[in-house]
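Colleague: What follows is protein-v7.cif, made up of mmCIF, C-alpha atoms and all ligand atoms:
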data_protein
loop_
_atom_site.label_atom_id
_atom_site.label_comp_id
_atom_site.auth_asym_id
_atom_site.auth_seq_id
_atom_site.Cartn_x
_atom_site.Cartn_y
_atom_site.Cartn_z
CA MET A 178 223.04 -151.76 189.33
CA ILE A 179 221.98 -148.38 190.76
CA PRO A 180 218.77 -149.18 192.68
CA VAL A 181 215.66 -147.09 192.05
CA ASN A 182 215.06 -146.47 195.74
CA GLU A 183 216.20 -148.07 198.94
CA PRO A 184 216.13 -146.89 202.54
CA THR A 185 219.14 -146.20 204.72
CA PHE A 186 219.27 -146.98 208.43
CA GLY A 187 221.57 -145.93 211.23
CA GLU A 188 222.52 -147.15 214.69
CA ARG A 189 219.46 -145.48 216.20
CA GLU A 190 217.04 -147.67 214.19
CA LEU A 191 218.94 -150.77 215.31
CA GLU A 192 218.98 -149.61 218.92
CA LEU A 193 215.23 -148.96 219.17
CA VAL A 194 214.13 -152.13 217.36
CA THR A 195 216.54 -154.13 219.54
CA ASP A 196 214.95 -152.55 222.59
CA CYS A 197 211.53 -153.91 221.50
CA VAL A 198 212.91 -157.42 221.13
CA ARG A 199 214.80 -157.27 224.44
CA SER A 200 211.80 -155.90 226.33
CA GLY A 201 209.30 -158.29 224.71
CA TRP A 202 207.08 -155.42 223.46
CA VAL A 203 206.91 -156.75 219.89
CA SER A 204 203.22 -156.62 219.02
CA SER A 205 200.68 -153.84 218.72
CA ALA A 206 201.08 -152.11 222.06
CA GLY A 207 204.07 -150.30 223.47
CA ARG A 208 205.68 -146.97 224.00
CA TYR A 209 207.10 -146.58 220.49
CA LEU A 210 203.60 -146.84 218.99
CA ASP A 211 202.34 -144.09 221.25
CA GLU A 212 205.37 -141.94 220.56
CA PHE A 213 205.27 -142.47 216.80
CA GLU A 214 201.56 -141.59 216.58
CA ARG A 215 201.91 -138.54 218.80
CA ARG A 216 205.03 -137.16 217.14
CA TRP A 217 203.94 -137.77 213.54
CA ALA A 218 200.58 -136.09 214.17
CA GLU A 219 202.42 -133.18 215.79
CA TYR A 220 204.88 -132.93 212.88
CA CYS A 221 201.96 -132.60 210.46
CA GLY A 222 199.91 -130.32 212.72
CA MET A 223 197.05 -132.73 213.39
CA LYS A 224 195.50 -133.69 216.72
CA HIS A 225 195.27 -137.48 216.38
CA GLY A 226 197.51 -140.10 214.77
CA VAL A 227 196.34 -143.70 214.33
CA ALA A 228 199.08 -146.03 213.12
CA VAL A 229 198.07 -148.87 210.82
CA SER A 230 199.71 -151.66 208.84
CA SER A 231 200.06 -149.87 205.47
CA GLY A 232 199.15 -146.80 203.46
CA THR A 233 196.48 -148.86 201.72
CA ALA A 234 194.98 -149.69 205.13
CA ALA A 235 195.15 -146.00 206.10
CA LEU A 236 193.07 -145.06 203.04
CA ASP A 237 190.55 -147.81 203.80
CA VAL A 238 190.24 -146.63 207.41
CA ALA A 239 189.93 -142.98 206.34
CA VAL A 240 187.11 -143.70 203.90
CA SER A 241 185.36 -145.94 206.45
CA CYS A 242 185.27 -142.94 208.83
CA ILE A 243 182.86 -141.05 206.57
CA ARG A 244 180.38 -143.97 206.36
CA LEU A 245 179.49 -143.89 202.68
CA GLN A 246 176.00 -145.00 201.67
CA PRO A 247 175.51 -147.00 198.44
CA GLY A 248 175.73 -144.58 195.51
CA ASP A 249 177.77 -141.98 197.41
CA GLU A 250 180.60 -140.57 195.31
CA VAL A 251 184.21 -139.63 196.03
CA ILE A 252 186.25 -137.59 193.55
CA LEU A 253 189.90 -138.59 193.04
CA PRO A 254 192.58 -138.34 190.36
CA SER A 255 192.69 -140.99 187.62
CA PHE A 256 196.50 -140.88 187.94
CA THR A 257 197.24 -142.59 191.25
CA ILE A 258 197.81 -145.93 192.96
CA VAL A 259 195.00 -148.50 193.06
CA SER A 260 194.75 -148.16 196.88
CA CYS A 261 192.86 -144.84 196.54
CA ALA A 262 190.08 -146.12 194.28
CA GLN A 263 189.70 -149.45 196.05
CA ALA A 264 189.34 -147.73 199.43
CA ILE A 265 186.20 -146.16 197.95
CA THR A 266 184.74 -149.27 196.27
CA ARG A 267 185.40 -151.46 199.34
CA ASN A 268 183.48 -148.99 201.48
CA GLY A 269 180.50 -149.12 199.13
CA GLY A 270 181.13 -145.84 197.31
CA LEU A 271 181.61 -144.83 193.70
CA PRO A 272 185.00 -143.47 192.64
CA VAL A 273 184.64 -140.48 190.28
CA LEU A 274 187.76 -139.51 188.35
CA VAL A 275 189.38 -136.30 187.19
CA ASP A 276 192.50 -136.01 185.04
CA CYS A 277 195.75 -134.57 186.34
CA ASP A 278 197.78 -131.44 185.77
CA PRO A 279 200.35 -132.04 183.00
CA GLU A 280 203.15 -130.42 185.04
CA THR A 281 202.58 -131.22 188.72
CA TRP A 282 200.95 -134.60 187.89
CA CYS A 283 198.50 -133.98 190.78
CA LEU A 284 194.73 -133.85 190.25
CA ASP A 285 193.54 -130.99 188.02
CA VAL A 286 191.47 -128.90 190.45
CA ASP A 287 189.72 -127.10 187.57
CA GLN A 288 188.01 -130.36 186.64
CA VAL A 289 186.70 -131.10 190.11
CA ALA A 290 183.76 -128.65 190.19
CA ALA A 291 182.17 -130.23 187.10
CA ARG A 292 182.22 -133.66 188.78
CA ILE A 293 180.45 -132.60 191.98
CA THR A 294 176.89 -133.96 192.22
CA ALA A 295 174.23 -134.29 194.93
CA ARG A 296 175.84 -137.66 195.79
CA THR A 297 179.41 -136.38 196.23
CA ARG A 298 180.67 -136.88 199.79
CA ALA A 299 184.42 -136.36 199.58
CA ILE A 300 187.40 -135.28 197.49
CA MET A 301 190.64 -137.27 197.71
CA PRO A 302 193.66 -135.30 196.45
CA VAL A 303 196.98 -137.14 196.10
CA HIS A 304 200.31 -135.31 196.43
CA MET A 305 202.16 -136.86 193.54
CA TYR A 306 205.83 -137.89 193.82
CA GLY A 307 206.33 -135.36 196.63
CA HIS A 308 204.65 -132.34 194.99
CA PRO A 309 201.56 -131.04 196.83
CA ALA A 310 198.18 -130.84 195.14
CA ASP A 311 196.65 -127.33 194.96
CA MET A 312 194.67 -127.55 198.21
CA ASP A 313 193.09 -124.08 198.66
CA PRO A 314 190.60 -124.36 195.76
CA LEU A 315 189.71 -127.87 196.97
CA ARG A 316 189.14 -126.64 200.52
CA GLU A 317 186.91 -123.90 199.18
CA MET A 318 184.82 -126.36 197.11
CA ALA A 319 184.66 -128.82 200.00
CA ASP A 320 183.39 -126.14 202.39
CA ARG A 321 180.86 -124.81 199.88
CA HIS A 322 179.38 -128.27 199.18
CA GLY A 323 179.85 -129.84 202.62
CA LEU A 324 182.42 -132.39 201.44
CA VAL A 325 185.19 -134.12 203.35
CA LEU A 326 188.79 -133.67 202.16
CA ILE A 327 190.73 -136.95 202.42
CA GLU A 328 194.37 -136.21 201.78
CA ASP A 329 196.63 -138.96 200.43
CA ALA A 330 200.05 -137.78 201.61
CA ALA A 331 201.73 -141.18 201.19
CA GLU A 332 204.36 -139.64 198.89
CA ALA A 333 204.68 -136.28 200.62
CA HIS A 334 206.22 -136.61 204.10
CA GLY A 335 207.66 -133.18 204.91
CA ALA A 336 206.29 -131.50 201.75
CA GLU A 337 204.71 -128.06 202.19
CA TYR A 338 201.80 -126.20 200.63
CA LYS A 339 201.96 -122.42 201.23
CA GLY A 340 204.15 -123.05 204.25
CA ARG A 341 201.87 -125.69 205.78
CA ARG A 342 202.87 -129.36 205.95
CA CYS A 343 201.10 -131.87 203.76
CA GLY A 344 199.17 -134.32 205.89
CA GLY A 345 197.82 -131.41 207.94
CA LEU A 346 195.68 -129.89 205.19
CA GLY A 347 192.78 -132.32 204.83
CA ASP A 348 190.00 -133.32 207.23
CA ILE A 349 191.59 -136.77 207.31
CA SER A 350 195.01 -137.56 205.89
CA CYS A 351 196.81 -140.79 205.08
CA PHE A 352 200.47 -141.74 205.07
CA SER A 353 202.41 -144.82 204.04
CA PHE A 354 205.68 -145.87 205.64
CA TYR A 355 206.48 -148.57 203.08
CA ALA A 356 210.20 -149.21 202.50
CA ASN A 357 210.48 -146.85 199.53
CA LYS A 358 208.74 -143.85 201.14
CA ILE A 359 210.56 -140.80 202.59
CA ILE A 360 210.58 -142.44 206.03
CA THR A 361 209.77 -146.09 206.57
CA THR A 362 208.64 -148.65 209.12
CA GLY A 363 209.15 -151.48 206.60
CA GLU A 364 205.40 -151.74 206.07
CA GLY A 365 203.09 -149.29 207.77
CA GLY A 366 200.80 -146.31 207.53
CA MET A 367 198.97 -143.69 209.55
CA VAL A 368 195.66 -141.85 209.58
CA LEU A 369 195.70 -138.28 210.92
CA THR A 370 192.71 -136.15 211.86
CA ASP A 371 191.58 -133.39 214.22
CA ASP A 372 188.18 -135.07 214.63
CA ASP A 373 187.77 -137.00 217.90
CA ASP A 374 185.01 -139.29 216.61
CA TRP A 375 186.87 -140.24 213.44
CA ALA A 376 190.01 -140.94 215.47
CA ALA A 377 188.05 -143.21 217.83
CA HIS A 378 186.48 -145.01 214.87
CA ALA A 379 189.90 -145.45 213.22
CA ARG A 380 191.33 -146.96 216.44
CA SER A 381 188.43 -149.36 216.70
CA TYR A 382 188.37 -150.29 213.00
CA ARG A 383 192.10 -151.14 212.86
CA ASN A 384 191.55 -153.53 215.78
CA LEU A 385 188.58 -155.59 214.48
CA CYS A 386 186.13 -153.27 216.30
CA PHE A 387 186.76 -155.10 219.57
CA ARG A 388 185.10 -153.27 222.47
CA SER A 389 186.92 -152.66 225.70
CA GLU A 390 183.91 -153.41 227.91
CA ARG A 391 182.85 -156.62 226.12
CA ARG A 392 185.71 -157.85 223.98
CA PHE A 393 184.20 -160.47 221.65
CA TYR A 394 180.93 -158.63 221.05
CA HIS A 395 180.84 -156.75 217.75
CA GLU A 396 178.48 -153.97 216.80
CA GLU A 397 180.59 -153.29 213.73
CA LEU A 398 183.13 -155.14 211.61
CA GLY A 399 186.67 -153.84 211.28
CA GLU A 400 189.99 -155.20 210.09
CA ASN A 401 193.26 -156.25 211.65
CA TYR A 402 195.32 -153.29 210.46
CA ARG A 403 197.48 -152.98 213.56
CA MET A 404 201.06 -151.71 213.39
CA THR A 405 203.61 -153.39 215.66
CA ASN A 406 205.72 -151.65 218.29
CA MET A 407 208.81 -152.85 216.36
CA GLN A 408 207.66 -151.06 213.23
CA ALA A 409 206.87 -147.96 215.27
CA ALA A 410 210.36 -148.09 216.84
CA LEU A 411 211.84 -147.96 213.35
CA GLY A 412 209.48 -145.08 212.60
CA VAL A 413 210.51 -143.09 215.70
CA ALA A 414 214.17 -143.38 214.72
CA GLN A 415 213.36 -142.43 211.11
CA LEU A 416 211.23 -139.49 212.21
CA ASP A 417 214.32 -137.84 213.69
CA ARG A 418 215.81 -137.84 210.17
CA VAL A 419 212.86 -136.76 208.05
CA ASP A 420 214.05 -133.21 207.41
CA GLU A 421 217.55 -134.43 206.57
CA ILE A 422 216.15 -137.00 204.12
CA VAL A 423 213.93 -134.39 202.45
CA ALA A 424 216.90 -132.03 202.13
CA HIS A 425 218.92 -134.82 200.50
CA LYS A 426 216.10 -135.58 198.03
CA ARG A 427 215.85 -131.90 197.12
CA THR A 428 219.61 -131.66 196.52
CA MET A 429 219.55 -134.76 194.30
CA ALA A 430 216.56 -133.43 192.36
CA ALA A 431 218.32 -130.12 191.73
CA ALA A 432 221.39 -132.03 190.54
CA TYR A 433 219.30 -134.15 188.13
CA SER A 434 217.46 -131.09 186.81
CA GLU A 435 220.73 -129.28 186.15
CA ARG A 436 222.31 -132.23 184.34
CA LEU A 437 219.20 -132.98 182.27
CA ALA A 438 218.37 -129.31 181.53
CA SER A 439 219.69 -129.43 177.98
CA CYS A 440 217.63 -132.49 177.06
CA GLU A 441 214.81 -131.44 174.74
CA ALA A 442 213.23 -134.90 174.74
CA LEU A 443 212.41 -134.90 178.46
CA GLN A 444 209.94 -133.09 180.66
CA ARG A 445 211.32 -132.66 184.19
CA PRO A 446 209.47 -132.23 187.51
CA VAL A 447 208.30 -128.72 188.43
CA GLU A 448 207.87 -126.97 191.74
CA ARG A 449 205.04 -124.43 191.89
CA GLU A 450 205.76 -121.16 193.72
CA TRP A 451 203.33 -122.20 196.48
CA ALA A 452 204.92 -125.61 196.88
CA ARG A 453 207.89 -127.14 198.61
CA SER A 454 208.20 -130.55 196.97
CA THR A 455 210.17 -133.38 198.50
CA PHE A 456 210.93 -134.88 195.06
CA TRP A 457 210.21 -138.27 196.65
CA MET A 458 210.81 -139.79 193.22
CA TYR A 459 212.51 -137.89 190.42
CA GLY A 460 210.16 -138.45 187.49
CA VAL A 461 210.77 -137.64 183.85
CA VAL A 462 208.34 -137.76 180.93
CA LEU A 463 209.36 -138.47 177.35
CA LYS A 464 207.91 -135.79 175.12
CA ALA A 465 206.01 -137.13 172.13
CA ASP A 466 207.53 -136.82 168.63
CA CYS A 467 210.99 -135.98 169.80
CA GLY A 468 213.18 -137.27 167.02
CA THR A 469 215.41 -140.18 167.91
CA ALA A 470 214.28 -140.63 171.52
CA PRO A 471 212.35 -143.80 172.32
CA ALA A 472 208.63 -143.22 171.81
CA GLN A 473 207.60 -144.92 175.06
CA ALA A 474 208.95 -145.05 178.59
CA ALA A 475 209.06 -148.87 178.51
CA GLU A 476 211.82 -148.74 175.93
CA LEU A 477 213.82 -146.18 177.90
CA VAL A 478 213.42 -148.36 181.01
CA GLN A 479 215.03 -151.24 179.08
CA ARG A 480 217.84 -149.14 177.68
CA LEU A 481 218.68 -147.84 181.16
CA GLN A 482 218.45 -151.33 182.67
CA ALA A 483 221.08 -152.46 180.16
CA ARG A 484 223.34 -149.69 181.48
CA GLY A 485 222.88 -150.70 185.11
CA VAL A 486 220.25 -148.10 186.01
CA GLN A 487 217.05 -149.29 187.66
CA THR A 488 213.91 -147.23 186.95
CA ARG A 489 210.15 -147.62 187.36
CA PRO A 490 207.28 -146.67 185.05
CA PHE A 491 204.59 -144.23 186.24
CA PHE A 492 201.13 -145.37 187.43
CA LEU A 493 198.54 -146.67 184.98
CA GLY A 494 195.23 -144.76 185.18
CA MET A 495 192.35 -146.13 187.25
CA HIS A 496 190.11 -146.04 184.14
CA GLU A 497 192.44 -148.51 182.41
CA GLN A 498 192.27 -151.15 185.16
CA PRO A 499 190.39 -154.33 184.16
CA ALA A 500 189.43 -154.90 187.80
CA PHE A 501 187.38 -151.67 187.84
CA LEU A 502 186.07 -151.99 184.27
CA ARG A 503 184.66 -155.41 185.19
CA MET A 504 182.75 -153.69 188.01
CA GLY A 505 181.14 -151.43 185.40
CA LEU A 506 183.19 -148.40 186.46
CA PHE A 507 184.79 -145.77 184.19
CA GLU A 508 183.27 -147.28 181.03
CA ALA A 509 184.52 -145.46 177.90
CA GLU A 510 186.10 -142.71 180.05
CA HIS A 511 189.33 -141.11 178.88
CA TYR A 512 191.86 -138.98 180.71
CA PRO A 513 194.44 -137.90 178.13
CA ILE A 514 197.09 -136.54 180.51
CA THR A 515 196.94 -139.66 182.68
CA GLU A 516 197.16 -141.86 179.58
CA MET A 517 200.15 -139.91 178.29
CA LEU A 518 201.96 -140.05 181.66
CA ALA A 519 201.33 -143.78 182.03
CA ARG A 520 203.05 -144.41 178.69
CA GLN A 521 205.72 -141.71 178.66
CA GLY A 522 206.68 -141.35 182.32
CA LEU A 523 209.26 -143.10 184.47
CA TYR A 524 211.23 -142.29 187.56
CA LEU A 525 214.98 -142.36 188.02
CA PRO A 526 216.96 -143.68 191.01
CA SER A 527 215.96 -141.47 193.96
CA GLY A 528 217.00 -143.40 197.08
CA THR A 529 218.38 -141.79 200.20
CA ALA A 530 221.74 -143.51 199.63
CA LEU A 531 222.10 -142.03 196.14
CA THR A 532 225.36 -140.11 195.73
CA GLU A 533 226.04 -137.09 193.56
CA GLN A 534 228.37 -139.25 191.48
CA GLN A 535 225.54 -141.71 190.85
CA VAL A 536 223.33 -138.81 189.75
CA ASP A 537 226.07 -138.01 187.22
CA GLU A 538 226.17 -141.62 186.01
CA VAL A 539 222.39 -141.91 185.73
CA SER A 540 222.09 -138.54 183.97
CA ALA A 541 224.79 -139.50 181.46
CA ALA A 542 223.02 -142.82 180.79
CA VAL A 543 219.70 -141.00 180.28
CA LEU A 544 221.21 -138.42 177.93
CA ASP A 545 222.85 -141.20 175.88
CA SER A 546 219.68 -143.27 175.78
CA VAL A 547 217.45 -140.52 174.45
CA ALA A 548 219.97 -139.11 171.96
C1 LIG B 601 202.60 -146.03 198.50
C2 LIG B 601 201.29 -145.34 198.30
C3 LIG B 601 200.12 -145.82 198.91
C4 LIG B 601 200.01 -147.16 199.57
O1 LIG B 601 200.87 -147.38 200.59
P1 LIG B 601 201.25 -148.90 201.01
O2 LIG B 601 201.90 -148.70 202.33
O3 LIG B 601 202.18 -149.42 199.97
O4 LIG B 601 199.99 -149.69 201.09
C5 LIG B 601 198.98 -145.04 198.79
N1 LIG B 601 198.96 -143.91 198.09
C6 LIG B 601 200.06 -143.45 197.44
C7 LIG B 601 199.96 -142.18 196.68
C8 LIG B 601 201.26 -144.16 197.52
O5 LIG B 601 202.34 -143.73 196.85
#
Could you take the file, read its structure, and then write that structure out as structure tokens?
Ligand SMILES: *Cc1c(COP(=O)(O)O)cnc(C)c1O
Modeller:
Amino acid sequence: MIPVNEPTFGERELELVTDCVRSGWVSSAGRYLDEFERRWAEYCGMKHGVAVSSGTAALDVAVSCIRLQPGDEVILPSFTIVSCAQAITRNGGLPVLVDCDPETWCLDVDQVAARITARTRAIMPVHMYGHPADMDPLREMADRHGLVLIEDAAEAHGAEYKGRRCGGLGDISCFSFYANKIITTGEGGMVLTDDDDWAAHARSYRNLCFRSERRFYHEELGENYRMTNMQAALGVAQLDRVDEIVAHKRTMAAAYSERLASCEALQRPVEREWARSTFWMYGVVLKADCGTAPAQAAELVQRLQARGVQTRPFFLGMHEQPAFLRMGLFEAEHYPITEMLARQGLYLPSGTALTEQQVDEVSAAVLDSVA
């Protein structure tokens, strides 16, 4: 079976994690944590890095920084992971959705203006599958209306927008270092910001809002979202390889696109002229009414599975989630591009260990399966 995505580690990862165990610095203090936070913030061009236990935690911390009041709204794409919308609801806000661009699969910035109200506090763009969202128009709207830009860069380590790194474009940005991301700490995440007060809040919130001067006295409630020094050690070793991993992903994506170019039934990923995508996951979308091809991604997933190729379907829209509908959110809302992508989209094996020969095998299996 060709796996959909799995990380690769070298001697350096083993060496640094071993050093944590040998030295006894295994919990949430230690030099690798400091180094990982400092170097990742620097890589993205932000002042502060606050490491946390997951990308989901990073989003929760980021939204908690802006202290939403009941009824405050945050605009985000319907096509994303549940972590984005639940970071808003858990912090007492209302998620407000926009559909996505049919080619980049990132939020459609032209729909954002119409969703801004007197209650809007923030916009949360998500860089989808390694392709940056169109940030300049969002920055302009945010500045004009006094909104915060919360960037979800969990799929975009090393991606660039107009020559600037993703994760350095928002007022607060969030990363995940889950095992399938461009670089990994096993589980983990980080919040980046230039704002001193938000950084201090994030540090406090991830550590149960303990206070240094009076430890078990709480003015506020936080969470235990701490990252361990062992995870950070893995991250420091991975950080040295981020550009190499991105280069590998880009080479594999170009190879897929070349081999699948003749296939009329499939829409392939794009790269806008202002973007440098990492092609974190190589996604394809089955075009509707395309002759003999399977009508839905689920069927193609099964056909490929039978040929030893592991794939994953795309996200299901936030407006189609029973958990949110039960809360009275998104009632009778429709986002046609999101709905199409959720049914027609899947991603192909994209791991860092993927070889060019495996790209050939997967491409041949795809071409056969849609013929
Ligand atoms: C993976 C991911 C997250 C969540 O990260 P976890 O570390 O799995 O909690 C958030 N947003 C996006 C866009 C992601 O792809």
Colleague: Produce as a PyMOL selection string the set of residues near ligand LIG 601 (chain B), where near means within 9 Å with only C-alpha atoms and all ligand atoms considered.
Modeller: chain A and resi 230-236+257-261+303-306+329-333+351-358+363-366
Colleague: Would you save the residues from that selection as a compact mmCIF listing (two decimals), in the coordinates of the input, using C-alpha atoms?
Modeller:
# COMPACT_ATOMS: atom_id res chain seq x y z
CA SER A 230 199.71 -151.66 208.84
CA SER A 231 200.06 -149.87 205.47
CA GLY A 232 199.15 -146.80 203.46
CA THR A 233 196.48 -148.86 201.72
CA ALA A 234 194.98 -149.69 205.13
CA ALA A 235 195.15 -146.00 206.10
CA LEU A 236 193.07 -145.06 203.04
CA THR A 257 197.24 -142.59 191.25
CA ILE A 258 197.81 -145.93 192.96
CA VAL A 259 195.00 -148.50 193.06
CA SER A 260 194.75 -148.16 196.88
CA CYS A 261 192.86 -144.84 196.54
CA VAL A 303 196.98 -137.14 196.10
CA HIS A 304 200.31 -135.31 196.43
CA MET A 305 202.16 -136.86 193.54
CA TYR A 306 205.83 -137.89 193.82
CA ASP A 329 196.63 -138.96 200.43
CA ALA A 330 200.05 -137.78 201.61
CA ALA A 331 201.73 -141.18 201.19
CA GLU A 332 204.36 -139.64 198.89
CA ALA A 333 204.68 -136.28 200.62
CA CYS A 351 196.81 -140.79 205.08
CA PHE A 352 200.47 -141.74 205.07
CA SER A 353 202.41 -144.82 204.04
CA PHE A 354 205.68 -145.87 205.64
CA TYR A 355 206.48 -148.57 203.08
CA ALA A 356 210.20 -149.21 202.50
CA ASN A 357 210.48 -146.85 199.53
CA LYS A 358 208.74 -143.85 201.14
CA GLY A 363 209.15 -151.48 206.60
CA GLU A 364 205.40 -151.74 206.07
CA GLY A 365 203.09 -149.29 207.77
CA GLY A 366 200.80 -146.31 207.53
Colleague: With all atoms listed in the file as the basis for distance, which of A:Arg489, A:Arg484, A:Arg296, A:His334 is at the shortest distance from A:Tyr459?
Modeller: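 Using all atoms listed in the file, A:Tyr459 sits closest to A:Arg489.
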Colleague: Which residue gives the smallest distance to A:Cys242 among A:Asp196, A:Glu510, A:Glu450, A:Asp348, with only C-alpha atoms counted?
Modeller: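 Among the listed residues, A:Asp348 lies closest to A:Cys242.
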Colleague: With all atoms listed in the file as the counted atoms, please give the residues lying no more than 12 Å from A:Gln479, apart from itself and same-chain residues fewer than 5 positions off, as a PDB file with C-alpha atoms, in the frame of the given file.
Modeller:
ATOM      1  CA  PRO A 471     212.350-143.800 172.320  1.00  0.00           C
ATOM      2  CA  GLN A 473     207.600-144.920 175.060  1.00  0.00           C
ATOM      3  CA  ALA A 474     208.950-145.050 178.590  1.00  0.00           C
ATOM      4  CA  ARG A 484     223.340-149.690 181.480  1.00  0.00           C
ATOM      5  CA  GLY A 485     222.880-150.700 185.110  1.00  0.00           C
ATOM      6  CA  VAL A 486     220.250-148.100 186.010  1.00  0.00           C
ATOM      7  CA  GLN A 487     217.050-149.290 187.660  1.00  0.00           C
ATOM      8  CA  THR A 488     213.910-147.230 186.950  1.00  0.00           C
ATOM      9  CA  ARG A 489     210.150-147.620 187.360  1.00  0.00           C
ATOM     10  CA  PRO A 490     207.280-146.670 185.050  1.00  0.00           C
ATOM     11  CA  LEU A 523     209.260-143.100 184.470  1.00  0.00           C
ATOM     12  CA  ALA A 542     223.020-142.820 180.790  1.00  0.00           C
ATOM     13  CA  VAL A 543     219.700-141.000 180.280  1.00  0.00           C
ATOM     14  CA  SER A 546     219.680-143.270 175.780  1.00  0.00           C
ATOM     15  CA  VAL A 547     217.450-140.520 174.450  1.00  0.00           C
TER      16      VAL A 547
END
Colleague: I'd like the contact shell of A:Asn401 - 7 Å cut-off, all atoms listed in the file, skipping same-chain residues fewer than 2 positions apart - returned as a PyMOL selection string.
Modeller: chain A and resi 383-385+403
Colleague: Show me, as lines of an AutoDock Vina configuration file, the centre and edge lengths in Å to one decimal of the axis-aligned box that covers every listed atom of stretch 428-434 of chain A with 8 Å on each side.
Modeller:
center_x = 219.0
center_y = -132.4
center_z = 191.7
size_x = 20.8
size_y = 20.6
size_z = 25.7
Colleague: Considering all atoms listed in the file, return as a JSON list (two decimals) with C-alpha atoms, in the frame of the given file whatever protein or nucleic-acid residues lie within 10 Å of A:Ala377, sequence-local ones (same chain, fewer than 5 positions apart) excluded.
Modeller:
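This is the output file part-v4.json:
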[["chain", "number", "residue", "atom", "x", "y", "z"],
["A", 225, "HIS", "CA", 195.27, -137.48, 216.38],
["A", 227, "VAL", "CA", 196.34, -143.70, 214.33],
["A", 242, "CYS", "CA", 185.27, -142.94, 208.83],
["A", 372, "ASP", "CA", 188.18, -135.07, 214.63],
["A", 382, "TYR", "CA", 188.37, -150.29, 213.00]]
Colleague: Using only C-alpha atoms, pick whichever of A:His378, A:Ser205, A:Val461, A:Asp537 has the shortest atom-to-atom distance to A:Val229.
Modeller: A:Ser205
Colleague: Separation of atom CA of A:Gln482 and atom CA of A:Asp545, in Å?
Modeller: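 For atom CA of A:Gln482 relative to atom CA of A:Asp545, the distance reads 13.0 Å.
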Colleague: Atom CA of A:Thr428 and atom CA of A:Met367 are how many Å apart?
Modeller: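 Rounded to one decimal, the two atoms are 27.2 Å apart.
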Colleague: Env of A:Ile243: 12 Å cut, atoms = only C-alpha atoms, seq-sep filter 6 positions within chain, self excluded. Answer as an MDAnalysis selection string.
Modeller: chainID A and resid 236:237 249:251 264:265 268:270 297:300 324:327 348:349 372 374:376 378:379
Colleague: Find the distance between atom CA of A:Ile360 and atom CA of A:Val198 and write it in Å to one decimal.
Modeller: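 Straight-line distance from atom CA of A:Ile360 to atom CA of A:Val198 works out to 21.4 Å.
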Colleague: Restricting the calculation to only C-alpha atoms: of A:Leu463, A:Leu506, A:Ala218, A:Leu477, which residue gets closest to A:Leu346?
Modeller: A:Ala218
Colleague: Restricting the calculation to only C-alpha atoms, which member of A:Ala239, A:Leu481, A:Ala519, A:Val181 is positioned closest to A:Thr370?
Modeller: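 For A:Thr370, the nearest of the given residues is A:Ala239.
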Colleague: So, with only C-alpha atoms as the atoms that count, which of A:Met301, A:Ala291, A:Leu398, A:Val536 lies closest to A:Ser350?
Modeller: A:Met301
